[in-house]
Amino acid sequence: MSIDYAGFRRELESFARSACPPEIRAVVAAGQKITKREYQAWQQILNAQGWGAPSWPREAGGTGWDIRQRLIFEEVMAENDCPPLYHHGLGHIGPVIIRFGTPDQKARFLPRILDGSDWWCQGYSEPGSGSDLASLSTSARLEGGAWVVNGQKIWTSHAHEASMIYMLVRTSKEAKKQEGISLLLVPMDTPGITVRPIKTIDGWHHLNEVFFDDVRVRADNLIGEVGKGWTCAKFLLERERLPPANVARLELMRRQVTQLVEEAAQAAAGQRDFGGLHHKLLLCEADVKGARVMMAQATDDLIHQRPLGVQPSAIKMTCADVAQRLTTIALDAVGPDAAHRFLADAGEDVPDATWIQNYMFTRARTIAGGTSEVQRNVVANELLGA
Amino acid sequence: MSASFPSLFPGMLLDAAGRYAEDHVAQEIQGDPVRELGWTATLVPEEAGGAGGTLSDLASIVEGLATHGLQLPVVETCAVVPLLLQAAGAETAHRWLEAVAEGSARIAPMTALSATPEHLAVAARHLDIGYELSGVVQGVDLTLPATHYLVPVQMDGDDAIFLVDAERVGAPKARYRTMEGRLGADFTLERLAVPESACIARGAAVREARAKATDAALLLTAADTVAALATLIRQTVIHLKERRQFGVALSSFQVLRHRVADMYVKYLGAKGLVIHCFHEYEQNAADLRRTLRLAKVSLAESARACAESAIQMHGGMGVSEEVLATRTAQRLIASEFRYGDRLMHVARLLAQPQSDERVSLSNQTGSVR
């Protein structure tokens, strides 16, 4: 049966316009930081429509859409200022549970991701293990039928609003460092967990440190085989670097920044020169078009189970680079007016200053999820050998 | 490593052009290979004795030549000429297209390599008998011998195309080697008298043909650039693996590894952009020209950065024309200035407000075909 893609797009468009609450769309349109409040409300609306997991197979509760439908979904949602899907559950741990989880684990965790009742965060990085993730030392030992976790995670996005954390723990110290790591699912309200906020350069609160002191976790919350968590982690990282939403959101950001520059140029009335910024915006526009094809090809390879090679790394590098260039353009456009109004006393976002926050926020794009230097190593290994 | 550089336009045409280029890249160009190999027939319709092919077919040839570093004016003789000829009336067009396809007429466009076929450098004046042409055209490709020139002109506020015997035009005022090794020439036409029959097309058909020729030239040059980028990076990778300094392969130095990785990611983005351009072309997208201009600006940026990196990483060899990577770097930079440079295209882009285009998502995977 052939799919009517134009009709599909129209259906999504009318849904996005009627179903997404105006107050949520206003947050997205203004480029403000999206919090659990907006993410969760939107997830519940989508799930009620049966579209809670566009990228999951139908048997796991997903839509079973093909690649074109998924890309159309991401584009229509971005064009209509709907929030992106919350990645930690739907994009990261969900697919890992679908791939490596037991029937019981699937039944316990997947529906709660779909309906937005569980909110996940990722416990990967540690104070001593950033780019060298496999050197992590947070430990879990089996004791009286439960895992007992001790250690510390850092740079944990959304830990302060999450109900669950998926974390890499060391369950054996004898083997080489990639072995002896396991993937554990832990409720955030378990006694012994402490979350401490990290104040970041963007003025928003999204990162945290998470401390684990004799945290007891039921034994069947370990995903896959004991000591084989690195396989799951790599599976997850590959998908983390390949979120189809990235390019659609980049195009939304490009349009927002283009409008911002036009407004700033008008307001400056010839007193400041915007030629350089216009030129840079054109290059971003071209790069987004190129990245869109890169993403379509990689997603197609993923669906047909062809090896992805360096595509996730290349796409991550490109999207991170374009996002940083766009917010740098925005910084130049609004800087004189907004730099001194970075954070208002009232705690409300100041419209133009949001772009200064976004400029700071996007510095993390070349750091989080594997730095661009790590991605370059991946690409170079493919071309030149390790 | 070939898996890292899949062909954009795979098929028999690519293989044939690639083989020819590989065998002939070290020699001076003898005769007229473009016509001897029948490539001028590619875009000519079947009813005029051509192959009735598409721009993707021609792009295969362009890719094959660029991959192995051979310089031939394929864009000019196989795309610009037949597309401009189609502005003529059916009978005239048919006769000359047939001659182009069989190679009996060797027609070259008398247009500057640095300008699009839409740029008018020559003016025509109607005399009692025939016309006279005046103007200066700098940087015309003369790599291959020409029997006729196709000249877009402005005439009494109208647009026209003239087909003029090369003998009548005479020798160019100056000849050059272009930076990537083609033959360029400057022509000055001073009240050059031509017969009535030299004017083969006028009016809207001329404007339409010039626009088509411009789109085709921009598309094919973009394909040339992506193929050349692949070669540039492939050659740089080979060099870094083979060349040893301080007792180790250059490829063991992280700063060089990262530089190559950056080049490769730029190449992937450029390839995606060119695939996007060809899809817009095939779908007759309203915004095709805007996208082509964007591609021109973006490819120029990537190509120059990669060319400079490759020269630097080849060390002393990077400045020797004997090295394929170096010649490819020259080719990339020369292509930046083909059919309008980036500053010209930026000026056009900024002069026109962006339409709220929405691009189609169909078939954006795999090779262009």
# chains A, B, ... in the order shown; residues from 1 in each chain; ligands from 1
>>> interface_residues(of="chain A", to="chain B", cutoff="9 Å", atoms="only C-alpha atoms", output="ChimeraX atom specification")
/A:68,71-72,278-279,282-294,296-298,300-301,309-311,313-315,317-318,373,375-386
>>> residues_around(residues="B:Asp156", least_positions_apart="2", cutoff="12 Å", atoms="only C-alpha atoms", output="list in words")
Val122, Ala123, Ala124, Arg125, His126, Tyr131, Val153, Gln154, Asp158, Asp159, Ala160, Arg202 and Gly203 of chain B
>>> write_last_selection(atoms="C-alpha atoms", output="PDB file, in the first residue's frame")
ATOM      1  CA  VAL B 122      28.336  41.625 -26.481  1.00  0.00           C
ATOM      2  CA  ALA B 123      25.935  44.021 -28.179  1.00  0.00           C
ATOM      3  CA  ALA B 124      24.546  43.594 -31.704  1.00  0.00           C
ATOM      4  CA  ARG B 125      23.401  46.269 -34.131  1.00  0.00           C
ATOM      5  CA  HIS B 126      21.188  45.537 -37.099  1.00  0.00           C
ATOM      6  CA  TYR B 131      24.600  42.690 -38.137  1.00  0.00           C
ATOM      7  CA  VAL B 153      24.015  39.264 -27.150  1.00  0.00           C
ATOM      8  CA  GLN B 154      21.901  42.251 -26.343  1.00  0.00           C
ATOM      9  CA  ASP B 158      16.056  42.495 -26.838  1.00  0.00           C
ATOM     10  CA  ASP B 159      18.013  39.306 -26.227  1.00  0.00           C
ATOM     11  CA  ALA B 160      19.483  37.211 -29.000  1.00  0.00           C
ATOM     12  CA  ARG B 202      15.574  36.099 -30.198  1.00  0.00           C
ATOM     13  CA  GLY B 203      13.282  37.028 -27.348  1.00  0.00           C
TER      14      GLY B 203
END
>>> closest_residue(among="A:Arg10, A:His92, A:Arg170, A:Arg17", to="A:Cys232", atoms="only C-alpha atoms")
A:His92
>>> select_by_dssp(residues="stretch 27-258 of chain B", states="strand (DSSP E)", output="ChimeraX atom specification")
/B:107-109,122-126,131-141,148-155,158-165,174-177,183-194,199-202,244-245,248-249
>>> residues_around(residues="stretch 34-41 of chain B", least_positions_apart="3", cutoff="7 Å", atoms="only C-alpha atoms", output="list in words")
Val44, Gly50, Ala51, Val74, Thr77, Cys78, Val100, Ala101, Glu102 and Gly103 of chain B
>>> atom_distance(atom1="atom CA of A:Asn208", atom2="atom CA of A:Met188")
13.0 Å
>>> closest_residue(among="A:Gln357, A:Gln324, A:Gln152, A:Ser131", to="A:Gly192", atoms="only C-alpha atoms")
A:Gln152
>>> residues_around(residues="stretch 326-329 of chain B", least_positions_apart="4", cutoff="9 Å", atoms="only C-alpha atoms", output="ChimeraX atom specification")
/B:66-69,180-181,228-229,231-232,303-304,306-308,310-311,314,317-322,333-334
>>> closest_residue(among="A:Gly7, A:Gly31, A:Pro312, A:Gly145", to="A:Arg249", atoms="only C-alpha atoms")
A:Gly31
>>> atom_distance(atom1="atom CA of A:Arg272", atom2="atom CA of A:Arg325")
19.6 Å
>>> select_by_dssp(residues="stretch 45-176 of chain B", states="alpha helix (DSSP H)", output="CSV table (one decimal) with N, CA and C atoms, in the first residue's frame")
chain,number,residue,atom,x,y,z
B,55,LEU,N,20.8,15.6,-17.3
B,55,LEU,CA,22.0,16.3,-16.6
B,55,LEU,C,22.7,15.3,-15.7
B,56,SER,N,22.0,14.3,-15.1
B,56,SER,CA,22.7,13.3,-14.3
B,56,SER,C,23.6,12.5,-15.1
B,57,ASP,N,23.3,12.2,-16.4
B,57,ASP,CA,24.2,11.5,-17.3
B,57,ASP,C,25.5,12.3,-17.5
B,58,LEU,N,25.3,13.6,-17.8
B,58,LEU,CA,26.4,14.4,-18.0
B,58,LEU,C,27.2,14.6,-16.7
B,59,ALA,N,26.5,14.6,-15.6
B,59,ALA,CA,27.2,14.7,-14.3
B,59,ALA,C,28.1,13.5,-14.1
B,60,SER,N,27.7,12.3,-14.6
B,60,SER,CA,28.6,11.1,-14.5
B,60,SER,C,29.9,11.3,-15.1
B,61,ILE,N,29.8,11.9,-16.3
B,61,ILE,CA,31.1,12.2,-17.1
B,61,ILE,C,31.9,13.2,-16.3
B,62,VAL,N,31.3,14.3,-15.8
B,62,VAL,CA,32.0,15.3,-15.1
B,62,VAL,C,32.6,14.7,-13.8
B,63,GLU,N,31.9,13.8,-13.2
B,63,GLU,CA,32.5,13.2,-11.9
B,63,GLU,C,33.7,12.3,-12.3
B,64,GLY,N,33.5,11.5,-13.4
B,64,GLY,CA,34.6,10.6,-13.8
B,64,GLY,C,35.9,11.4,-14.1
B,65,LEU,N,35.8,12.5,-14.8
B,65,LEU,CA,36.9,13.3,-15.1
B,65,LEU,C,37.5,14.0,-13.9
B,66,ALA,N,36.6,14.5,-13.0
B,66,ALA,CA,37.1,15.2,-11.9
B,66,ALA,C,37.8,14.3,-10.9
B,67,THR,N,37.3,13.1,-10.8
B,67,THR,CA,37.9,12.1,-9.9
B,67,THR,C,39.3,11.8,-10.2
B,74,VAL,N,33.8,20.0,-20.6
B,74,VAL,CA,32.5,19.3,-20.8
B,74,VAL,C,31.3,20.1,-20.5
B,81,VAL,N,26.3,24.7,-24.7
B,81,VAL,CA,26.0,24.8,-26.1
B,81,VAL,C,24.7,24.2,-26.5
B,82,PRO,N,24.4,22.9,-26.2
B,82,PRO,CA,23.1,22.4,-26.7
B,82,PRO,C,21.9,23.1,-26.0
B,83,LEU,N,22.1,23.5,-24.8
B,83,LEU,CA,20.9,24.2,-24.1
B,83,LEU,C,20.7,25.6,-24.7
B,84,LEU,N,21.8,26.3,-25.1
B,84,LEU,CA,21.6,27.6,-25.8
B,84,LEU,C,21.0,27.4,-27.2
B,85,LEU,N,21.4,26.3,-27.9
B,85,LEU,CA,20.9,26.1,-29.2
B,85,LEU,C,19.4,25.9,-29.3
B,90,ALA,N,12.7,25.5,-34.5
B,90,ALA,CA,12.8,24.0,-34.5
B,90,ALA,C,13.8,23.6,-35.6
B,91,GLU,N,13.7,24.1,-36.8
B,91,GLU,CA,14.5,23.6,-37.9
B,91,GLU,C,16.0,23.9,-37.7
B,92,THR,N,16.3,25.2,-37.3
B,92,THR,CA,17.7,25.6,-37.1
B,92,THR,C,18.3,24.8,-35.9
B,93,ALA,N,17.5,24.7,-34.8
B,93,ALA,CA,18.0,24.0,-33.6
B,93,ALA,C,18.3,22.6,-34.0
B,94,HIS,N,17.4,21.9,-34.7
B,94,HIS,CA,17.6,20.5,-35.1
B,94,HIS,C,18.9,20.3,-35.9
B,95,ARG,N,19.1,21.2,-36.9
B,95,ARG,CA,20.3,21.1,-37.7
B,95,ARG,C,21.5,21.2,-36.9
B,96,TRP,N,21.6,22.2,-36.1
B,96,TRP,CA,22.9,22.5,-35.3
B,96,TRP,C,23.0,21.4,-34.2
B,97,LEU,N,21.9,21.0,-33.6
B,97,LEU,CA,22.1,20.0,-32.5
B,97,LEU,C,22.6,18.7,-33.1
B,98,GLU,N,22.1,18.4,-34.3
B,98,GLU,CA,22.6,17.2,-35.0
B,98,GLU,C,24.1,17.3,-35.3
B,99,ALA,N,24.5,18.5,-35.7
B,99,ALA,CA,25.9,18.7,-36.0
B,99,ALA,C,26.8,18.6,-34.7
B,100,VAL,N,26.2,19.1,-33.6
B,100,VAL,CA,26.9,19.0,-32.3
B,100,VAL,C,27.0,17.5,-31.9
B,101,ALA,N,25.9,16.8,-32.0
B,101,ALA,CA,25.9,15.4,-31.6
B,101,ALA,C,26.9,14.6,-32.4
B,102,GLU,N,27.0,14.8,-33.7
B,102,GLU,CA,27.9,14.0,-34.4
B,102,GLU,C,29.3,14.6,-34.5
B,166,ALA,N,34.1,30.6,-36.6
B,166,ALA,CA,35.3,31.0,-35.8
B,166,ALA,C,36.3,31.7,-36.7
B,167,GLU,N,36.3,31.4,-37.9
B,167,GLU,CA,37.3,32.1,-38.8
B,167,GLU,C,36.9,33.6,-38.9
B,168,ARG,N,35.6,33.9,-39.0
B,168,ARG,CA,35.2,35.3,-39.0
B,168,ARG,C,35.6,36.0,-37.8
B,169,VAL,N,35.6,35.4,-36.6
B,169,VAL,CA,35.9,36.0,-35.4
B,169,VAL,C,37.4,36.3,-35.3
>>> residues_around(residues="A:Ala134", least_positions_apart="4", cutoff="9 Å", atoms="only C-alpha atoms", output="PyMOL selection string")
chain A and resi 129-130+177-179+181+230
>>> atom_distance(atom1="atom CA of A:Val226", atom2="atom CA of A:Ser117")
27.6 Å
>>> residues_around(residues="stretch 46-49 of chain A", least_positions_apart="6", cutoff="10 Å", atoms="only C-alpha atoms", output="MDAnalysis selection string")
chainID A and resid 15:16 19:20 40 61:62 85 113:116
